[in-house]
$ cat model15.txt   # compact mmCIF, C-alpha atoms
# COMPACT_ATOMS: atom_id res chain seq x y z
CA MET A 1 -91.00 -102.63 -76.38
CA ASP A 2 -91.77 -98.96 -76.13
CA PRO A 3 -89.58 -96.20 -77.63
CA GLN A 4 -88.37 -95.00 -74.27
CA GLN A 5 -86.93 -98.39 -73.43
CA ARG A 6 -85.17 -98.57 -76.88
CA ARG A 7 -83.50 -95.22 -76.24
CA THR A 8 -82.28 -96.43 -72.85
CA GLU A 9 -80.95 -99.73 -74.19
CA THR A 10 -79.13 -98.16 -77.09
CA GLY A 11 -77.17 -95.92 -74.65
CA HIS A 12 -78.39 -92.53 -75.68
CA ARG A 13 -75.65 -89.95 -74.98
CA PRO A 14 -76.58 -86.93 -72.93
CA PRO A 15 -76.24 -83.56 -74.55
CA VAL A 16 -73.30 -81.27 -73.98
CA GLY A 17 -75.00 -79.37 -71.35
CA GLU A 18 -75.51 -82.52 -69.31
CA PRO A 19 -72.91 -83.61 -66.58
CA GLY A 20 -71.03 -86.17 -68.78
CA GLY A 21 -70.08 -83.65 -71.47
CA ASP A 22 -68.77 -81.16 -68.94
CA VAL A 23 -66.21 -83.59 -67.53
CA THR A 24 -64.67 -84.25 -70.95
CA SER A 25 -64.36 -80.56 -71.71
CA ILE A 26 -62.74 -79.95 -68.35
CA PHE A 27 -60.04 -82.55 -69.01
CA VAL A 28 -59.27 -81.12 -72.47
CA ALA A 29 -59.07 -77.62 -71.11
CA PHE A 30 -56.85 -78.76 -68.26
CA GLY A 31 -54.47 -80.49 -70.70
CA VAL A 32 -54.23 -77.39 -72.86
CA PHE A 33 -53.58 -75.28 -69.78
CA ILE A 34 -50.83 -77.60 -68.60
CA ALA A 35 -49.17 -77.49 -72.06
CA ILE A 36 -49.35 -73.69 -72.19
CA ALA A 37 -48.02 -73.42 -68.65
CA ALA A 38 -45.16 -75.79 -69.42
CA LEU A 39 -44.35 -73.82 -72.58
CA VAL A 40 -44.36 -70.55 -70.63
CA MET A 41 -42.57 -71.72 -67.51
CA PHE A 42 -40.24 -74.32 -69.05
CA PRO A 43 -39.72 -73.44 -72.70
CA SER A 44 -36.65 -75.69 -72.94
CA SER A 45 -38.80 -78.72 -72.23
CA LEU A 46 -40.56 -78.26 -75.55
CA VAL A 47 -38.11 -76.33 -77.79
CA HIS A 48 -34.41 -77.08 -77.64
CA GLN A 49 -31.32 -76.09 -79.62
CA VAL A 50 -28.62 -78.43 -80.96
CA PRO A 51 -25.30 -76.48 -81.11
CA GLU A 52 -22.97 -76.52 -84.10
CA GLY A 53 -20.56 -79.46 -84.08
CA HIS A 54 -23.11 -81.64 -82.26
CA VAL A 55 -26.08 -83.84 -83.08
CA GLY A 56 -29.17 -84.39 -80.97
CA ALA A 57 -29.90 -87.78 -79.38
CA TYR A 58 -33.29 -88.55 -77.77
CA TRP A 59 -34.59 -90.93 -75.11
CA ARG A 60 -38.25 -91.59 -74.45
CA GLY A 61 -39.07 -93.42 -71.30
CA GLY A 62 -35.39 -94.36 -70.97
CA ALA A 63 -35.25 -95.97 -74.43
CA LEU A 64 -32.92 -94.49 -77.06
CA LEU A 65 -34.84 -93.31 -80.10
CA ASN A 66 -33.46 -94.06 -83.54
CA MET A 67 -33.53 -90.39 -84.39
CA ILE A 68 -30.53 -88.04 -84.74
CA THR A 69 -31.09 -84.32 -85.37
CA GLU A 70 -28.77 -81.80 -86.96
CA PRO A 71 -27.73 -78.46 -85.38
CA GLY A 72 -30.59 -75.97 -85.00
CA PHE A 73 -33.96 -75.64 -83.16
CA HIS A 74 -36.10 -78.73 -82.64
CA LEU A 75 -39.30 -79.76 -80.74
CA LYS A 76 -39.77 -82.62 -78.29
CA LEU A 77 -42.44 -83.81 -75.91
CA PRO A 78 -41.92 -82.16 -72.51
CA PHE A 79 -41.35 -84.42 -69.51
CA ILE A 80 -41.53 -87.47 -71.77
CA THR A 81 -38.63 -87.17 -74.23
CA ASN A 82 -35.12 -86.43 -72.98
CA TYR A 83 -32.45 -84.86 -75.18
CA GLU A 84 -28.65 -84.83 -75.10
CA PRO A 85 -26.24 -83.05 -77.50
CA VAL A 86 -23.45 -85.35 -78.70
CA GLN A 87 -20.25 -83.78 -80.05
CA VAL A 88 -19.14 -85.10 -83.47
CA THR A 89 -16.15 -82.79 -84.00
CA LEU A 90 -12.64 -83.14 -82.63
CA GLN A 91 -12.50 -83.21 -78.84
CA THR A 92 -9.67 -83.66 -76.35
CA ASP A 93 -10.14 -85.88 -73.32
CA GLN A 94 -7.65 -85.38 -70.50
CA VAL A 95 -6.91 -88.38 -68.34
CA LYS A 96 -5.14 -87.24 -65.16
CA ASP A 97 -3.16 -88.87 -62.36
CA ILE A 98 -2.54 -92.33 -63.77
CA PRO A 99 -0.49 -94.46 -61.35
CA CYS A 100 1.46 -97.45 -62.62
CA GLY A 101 4.24 -99.75 -61.51
CA THR A 102 7.29 -100.46 -63.64
CA LYS A 103 8.86 -103.85 -64.22
CA GLY A 104 11.30 -103.19 -61.38
CA GLY A 105 8.54 -102.31 -58.90
CA VAL A 106 8.95 -98.50 -58.92
CA MET A 107 5.67 -96.60 -58.70
CA ILE A 108 5.35 -93.65 -61.07
CA THR A 109 2.45 -91.37 -61.97
CA PHE A 110 1.51 -89.84 -65.29
CA GLU A 111 0.00 -86.47 -64.40
CA LYS A 112 -1.85 -85.97 -67.67
CA ILE A 113 -2.49 -87.83 -70.92
CA GLU A 114 -4.47 -86.08 -73.64
CA VAL A 115 -6.41 -88.08 -76.21
CA VAL A 116 -7.69 -86.26 -79.28
CA ASN A 117 -10.67 -88.21 -80.66
CA ARG A 118 -13.82 -87.86 -82.72
CA LEU A 119 -17.15 -89.70 -82.89
CA ARG A 120 -18.35 -90.22 -86.43
CA LYS A 121 -21.85 -88.96 -87.10
CA ASP A 122 -22.94 -92.18 -88.82
CA TYR A 123 -22.11 -94.21 -85.70
CA VAL A 124 -23.71 -91.97 -83.06
CA TYR A 125 -26.81 -94.14 -82.60
CA ASP A 126 -24.90 -97.45 -82.42
CA THR A 127 -22.30 -96.06 -80.02
CA LEU A 128 -24.89 -94.51 -77.67
CA LEU A 129 -26.99 -97.66 -77.82
CA ASN A 130 -24.08 -99.86 -76.76
CA TYR A 131 -22.06 -97.58 -74.46
CA GLY A 132 -24.27 -94.62 -73.55
CA VAL A 133 -23.54 -90.88 -73.62
CA ASN A 134 -20.37 -91.35 -71.57
CA TYR A 135 -18.87 -93.76 -74.07
CA ASP A 136 -15.48 -92.10 -73.66
CA ASN A 137 -15.29 -93.29 -70.06
CA THR A 138 -15.17 -96.85 -71.32
CA TRP A 139 -12.99 -96.49 -74.40
CA ILE A 140 -10.72 -93.58 -73.45
CA TYR A 141 -10.44 -92.94 -69.72
CA ASP A 142 -10.59 -96.53 -68.50
CA LYS A 143 -8.68 -97.81 -71.55
CA ILE A 144 -5.82 -95.34 -70.99
CA HIS A 145 -5.43 -96.54 -67.39
CA HIS A 146 -5.35 -100.14 -68.56
CA GLU A 147 -2.89 -99.62 -71.42
CA ILE A 148 -0.52 -97.45 -69.35
CA ASN A 149 -0.35 -100.10 -66.63
CA GLN A 150 0.21 -102.82 -69.20
CA PHE A 151 3.01 -100.81 -70.74
CA CYS A 152 4.74 -99.95 -67.46
CA SER A 153 4.56 -103.49 -66.12
CA SER A 154 6.50 -104.83 -69.11
CA HIS A 155 9.24 -102.16 -69.11
CA SER A 156 11.83 -100.88 -66.67
CA LEU A 157 11.95 -97.38 -65.27
CA GLN A 158 14.90 -96.52 -67.50
CA GLN A 159 12.90 -97.53 -70.56
CA VAL A 160 9.67 -95.79 -69.52
CA TYR A 161 11.31 -92.59 -68.37
CA ILE A 162 14.07 -92.20 -70.97
CA ASP A 163 14.77 -94.90 -73.55
CA ILE A 164 11.39 -95.46 -75.19
CA PHE A 165 9.41 -92.58 -73.73
CA ASP A 166 9.11 -91.07 -77.20
CA GLN A 167 7.26 -94.22 -78.37
CA ILE A 168 4.52 -94.17 -75.72
CA ASP A 169 2.33 -91.74 -77.67
CA GLU A 170 2.24 -93.88 -80.77
CA ARG A 171 1.79 -97.13 -78.83
CA MET A 172 -1.14 -95.73 -76.85
CA LYS A 173 -2.76 -94.45 -80.03
CA GLU A 174 -2.39 -97.82 -81.76
CA ALA A 175 -3.75 -99.73 -78.73
CA LEU A 176 -6.79 -97.44 -78.33
CA GLN A 177 -7.59 -97.42 -82.03
CA ALA A 178 -7.29 -101.20 -82.33
CA ASP A 179 -9.93 -101.83 -79.62
CA CYS A 180 -12.17 -99.00 -80.83
CA THR A 181 -12.07 -100.32 -84.39
CA ARG A 182 -13.06 -103.76 -83.12
CA TYR A 183 -15.75 -102.88 -80.57
CA ALA A 184 -16.71 -99.23 -81.20
CA PRO A 185 -15.90 -98.42 -84.85
CA GLY A 186 -17.43 -94.96 -84.63
CA ILE A 187 -14.66 -93.68 -82.33
CA GLU A 188 -11.60 -92.37 -84.19
CA ILE A 189 -8.38 -91.74 -82.23
CA ILE A 190 -6.51 -88.83 -83.81
CA SER A 191 -3.49 -88.52 -81.49
CA VAL A 192 -2.28 -89.14 -77.95
CA ARG A 193 -0.03 -86.78 -75.96
CA VAL A 194 1.75 -88.19 -72.92
CA THR A 195 3.49 -85.96 -70.36
CA LYS A 196 6.65 -86.96 -68.53
CA PRO A 197 5.75 -89.17 -65.54
CA LYS A 198 6.50 -88.26 -61.95
CA ILE A 199 9.08 -90.52 -60.35
CA PRO A 200 10.37 -90.74 -56.76
CA GLU A 201 12.66 -87.89 -55.77
CA SER A 202 15.68 -90.10 -55.04
CA VAL A 203 15.35 -91.80 -58.41
CA ARG A 204 14.90 -88.46 -60.11
CA ARG A 205 18.14 -87.13 -58.57
CA ASN A 206 19.96 -90.24 -59.79
CA PHE A 207 18.61 -89.70 -63.26
CA GLU A 208 19.63 -86.04 -63.14
CA GLN A 209 23.17 -87.00 -62.10
CA MET A 210 23.30 -89.61 -64.83
CA GLU A 211 22.07 -87.03 -67.31
CA GLU A 212 24.71 -84.56 -66.14
CA GLU A 213 27.45 -87.14 -66.56
CA ARG A 214 26.07 -88.14 -69.91
CA THR A 215 25.96 -84.49 -70.91
CA LYS A 216 29.60 -84.07 -69.89
CA VAL A 217 30.55 -87.13 -71.91
CA LEU A 218 28.59 -85.83 -74.87
CA ILE A 219 30.27 -82.44 -74.52
CA ALA A 220 33.71 -84.09 -74.40
CA ILE A 221 32.85 -86.22 -77.42
CA GLU A 222 31.56 -83.16 -79.24
CA LYS A 223 34.73 -81.22 -78.41
CA GLN A 224 36.83 -84.11 -79.65
CA ARG A 225 34.73 -84.27 -82.77
CA VAL A 226 35.13 -80.53 -83.28
CA ALA A 227 38.91 -80.80 -82.77
CA GLU A 228 39.09 -83.69 -85.23
CA LYS A 229 37.00 -81.71 -87.66
CA GLU A 230 39.25 -78.67 -87.29
CA ALA A 231 42.36 -80.83 -87.77
CA GLU A 232 40.79 -82.44 -90.78
CA THR A 233 39.85 -79.03 -92.11
CA LYS A 234 43.42 -77.77 -91.61
CA LYS A 235 44.74 -80.90 -93.29
CA ILE A 236 42.41 -80.42 -96.21
CA MET A 237 43.43 -76.76 -96.43
CA ALA A 238 47.14 -77.69 -96.30
CA ILE A 239 46.66 -80.35 -98.95
CA SER A 240 44.69 -77.90 -101.04
CA GLU A 241 47.42 -75.25 -100.61
CA ALA A 242 50.15 -77.77 -101.49
CA GLU A 243 48.19 -78.93 -104.53
CA LYS A 244 47.69 -75.32 -105.54
CA ASN A 245 51.42 -74.57 -105.19
CA ALA A 246 52.28 -77.76 -107.05
CA ASN A 247 49.86 -76.85 -109.81
CA VAL A 248 51.31 -73.33 -109.97
CA SER A 249 54.87 -74.73 -110.09
CA MET A 250 53.85 -77.17 -112.77
CA ILE A 251 52.24 -74.40 -114.77
CA LEU A 252 55.33 -72.18 -114.39
CA MET A 253 57.64 -75.07 -115.32
CA GLN A 254 55.48 -75.89 -118.29
CA GLN A 255 55.59 -72.24 -119.26
CA LYS A 256 59.40 -72.17 -118.99
CA LEU A 257 59.68 -75.42 -120.95
CA THR A 258 57.43 -73.97 -123.58
CA GLU A 259 59.54 -70.81 -123.72
CA LYS A 260 62.76 -72.89 -123.91
CA ASP A 261 61.29 -75.07 -126.61
CA SER A 262 60.22 -71.98 -128.53
CA SER A 263 63.73 -70.48 -128.14
CA ARG A 264 65.31 -73.77 -129.24
CA ARG A 265 63.11 -73.94 -132.27
CA GLU A 266 63.88 -70.32 -133.05
CA ALA A 267 67.65 -70.99 -132.68
CA ASP A 268 67.33 -74.11 -134.85
CA ILE A 269 65.59 -72.07 -137.50
CA GLU A 270 68.25 -69.34 -137.30
CA ASN A 271 71.06 -71.92 -137.43
CA GLN A 272 69.44 -73.62 -140.37
CA MET A 273 69.07 -70.29 -142.09
CA TYR A 274 72.72 -69.42 -141.34
CA LEU A 275 73.83 -72.86 -142.50
CA ASP A 276 71.84 -72.56 -145.67
CA ARG A 277 73.24 -69.08 -146.24
CA GLN A 278 76.84 -70.21 -145.60
CA LYS A 279 76.28 -73.21 -147.79
CA SER A 280 74.97 -70.96 -150.50
CA LEU A 281 77.99 -68.66 -150.08
CA ALA A 282 80.37 -71.64 -150.11
CA ASP A 283 78.70 -73.00 -153.19
CA ALA A 284 78.96 -69.59 -154.78
CA ASP A 285 82.68 -69.30 -153.86
CA TYR A 286 83.29 -72.80 -155.08
CA TYR A 287 81.53 -72.02 -158.29
CA ARG A 288 83.46 -68.73 -158.60
CA VAL A 289 86.80 -70.35 -157.86
CA LEU A 290 85.99 -73.18 -160.21
CA LYS A 291 85.10 -70.76 -162.92
CA GLU A 292 88.18 -68.63 -162.18
CA ALA A 293 90.30 -71.75 -162.35
CA GLU A 294 88.74 -72.68 -165.64
CA ALA A 295 89.22 -69.11 -166.80
CA ASN A 296 92.85 -69.03 -165.57
CA LYS A 297 93.46 -72.36 -167.22
CA LEU A 298 92.38 -70.82 -170.43
CA LYS A 299 94.02 -67.48 -169.71
CA LEU A 300 97.43 -68.45 -168.24
CA THR A 301 99.13 -69.30 -171.47
CA PRO A 302 102.94 -69.06 -171.86
CA GLU A 303 102.50 -65.90 -173.80
CA PHE A 304 100.35 -64.30 -171.08
CA LEU A 305 102.81 -65.35 -168.41
CA GLU A 306 105.67 -63.87 -170.38
CA LEU A 307 103.73 -60.68 -170.76
CA LYS A 308 103.11 -60.50 -167.08
CA PHE A 309 106.78 -61.22 -166.39
CA ILE A 310 107.91 -58.47 -168.68
CA ASP A 311 105.39 -56.12 -167.20
CA ALA A 312 106.59 -56.92 -163.70
CA ILE A 313 110.20 -56.39 -164.68
CA ALA A 314 109.27 -53.11 -166.27
CA ARG A 315 107.53 -51.85 -163.16
CA ASN A 316 110.49 -52.69 -160.97
CA THR A 317 112.33 -49.38 -160.28
CA LYS A 318 115.33 -50.95 -158.64
CA MET A 319 118.21 -51.60 -161.02
CA PHE A 320 121.38 -53.39 -160.12
CA PHE A 321 124.61 -52.94 -162.11
CA GLY A 322 127.82 -54.92 -162.03
CA ASP A 323 129.36 -58.06 -163.26
CA LYS A 324 127.20 -60.32 -161.09
CA VAL A 325 123.93 -59.83 -159.43
CA PRO A 326 123.84 -62.83 -157.14
CA ASN A 327 121.08 -61.59 -154.93
CA MET A 328 118.59 -60.81 -157.63
CA VAL A 329 115.54 -62.93 -157.27
CA LEU A 330 114.25 -64.31 -160.49
CA ASP A 331 111.86 -67.00 -161.26
CA GLN A 332 114.13 -69.41 -163.05
CA ARG A 333 111.24 -71.34 -164.45
CA LEU A 334 109.64 -68.28 -165.99
CA LEU A 335 113.00 -67.14 -167.26
CA GLY A 336 113.72 -70.52 -168.61
CA ASN A 337 110.35 -70.65 -170.30
CA PHE A 338 110.98 -67.22 -171.69
CA LEU A 339 114.38 -68.21 -173.02
CA ASN A 340 113.09 -71.47 -174.39
CA HIS A 341 110.27 -69.70 -176.03
CA SER A 342 112.67 -67.15 -177.51
CA ALA A 343 114.90 -69.96 -178.81
CA LYS A 344 111.92 -71.71 -180.36
CA ASP A 345 110.89 -68.45 -181.98
CA LYS A 346 114.36 -67.95 -183.42
CA SER A 347 114.56 -71.49 -184.68
CA SER A 348 111.16 -71.24 -186.24
CA ASP A 349 112.13 -67.93 -187.83
CA GLY A 350 115.31 -69.51 -189.24
CA ASN A 351 113.41 -72.43 -190.60
CA LEU A 352 110.98 -70.06 -192.14
CA GLU A 353 113.68 -68.06 -193.80
CA THR A 354 115.34 -71.23 -195.11
CA ALA A 355 112.07 -72.44 -196.50
CA THR A 356 111.62 -69.08 -198.10
CA ASP A 357 115.03 -69.08 -199.62
CA SER A 358 114.46 -72.48 -201.04
$ encode --input "model15.txt" --output "structure tokens"
Amino acid sequence: MDPQQRRTETGHRPPVGEPGGDVTSIFVAFGVFIAIAALVMFPSSLVHQVPEGHVGAYWRGGALLNMITEPGFHLKLPFITNYEPVQVTLQTDQVKDIPCGTKGGVMITFEKIEVVNRLRKDYVYDTLLNYGVNYDNTWIYDKIHHEINQFCSSHSLQQVYIDIFDQIDERMKEALQADCTRYAPGIEIISVRVTKPKIPESVRRNFEQMEEERTKVLIAIEKQRVAEKEAETKKIMAISEAEKNANVSMILMQQKLTEKDSSRREADIENQMYLDRQKSLADADYYRVLKEAEANKLKLTPEFLELKFIDAIARNTKMFFGDKVPNMVLDQRLLGNFLNHSAKDKSSDGNLETATDS
């Protein structure tokens, strides 16, 4: 086999300048041109921005990519990769015009229910994979309609509109969170705000009349309560005043009793002092009289009495003369004692003289 045949069999490539090399270069240049044109005319198809509070989710050929980007600038393949920002901060979904029928068959409408929720960043891929970008349509909008109708159908208009209206928020929140935790754990229900439902005009007027009557009753009850409170207050004040007066009277009486007791004790002390003083004086008089009696007993001898008698006679300036003096007052006993004593003296003197003579 000659060399020319070997070159042909081995598929010798033509040089660049030959027609085959020019086609390849044209395609490369055309691709670069298309990319530059797309970058110039549609810059967002290549470079995109993820806003703060969001993450970037990507689809290629309709398939969700397991890739989540943080806020900032990022690149993607133009016309091949699609991008959607997904909010991961708190957001409020408003569900409007929700009709429902009560247990009694009355149709009412909730004008607006607000649901504050948040999608956790760690569950963005799983949630989008299972429920798509509009996941909140399934688990918030449609779920609110379902739960509100379930609630209204099991309660009367009186209960929905007045009695347990304040519990609807919490019940809706619990119902939404229970299903989200079970089927879509990345969705967190923060709170639910329910507005007052619209009811038929005739029913609303009846409720307003009932509320007016109830308000009147409450006002009457409140007035009665105020009157009772005022009466009780007056009673307490009267009791307090009486207790105060009683305490004051008791204090004054105790003060008077204390003063009387002090005066009595003072009088007792003075009486005891007077009694002791009188007793001392009586004892002194008794002692003096006793001593004077003892002294007189020793002093009043017949001789002393005679002396006193003579002295008294001598001091008497009235003299009576005559044969008889019948009215003259004499102490016969003293005179007799004096005469007896004189007779004894004479007899003793005579006996003395006789003894002397002998």
$ atom_distance --input "model15.txt" --atom1 "CA of Ile190 (chain A)" --atom2 "CA of Leu128 (chain A)"
20.2 Å
$ closest_residue --input "model15.txt" --among "A:Ile98, A:Ile168, A:Gly105, A:Pro85" --to "Asp142 (chain A)" --atoms "all atoms listed in the file"
A:Ile98
$ atom_distance --input "model15.txt" --atom1 "CA of Glu114 (chain A)" --atom2 "CA of Ser191 (chain A)"
8.3 Å
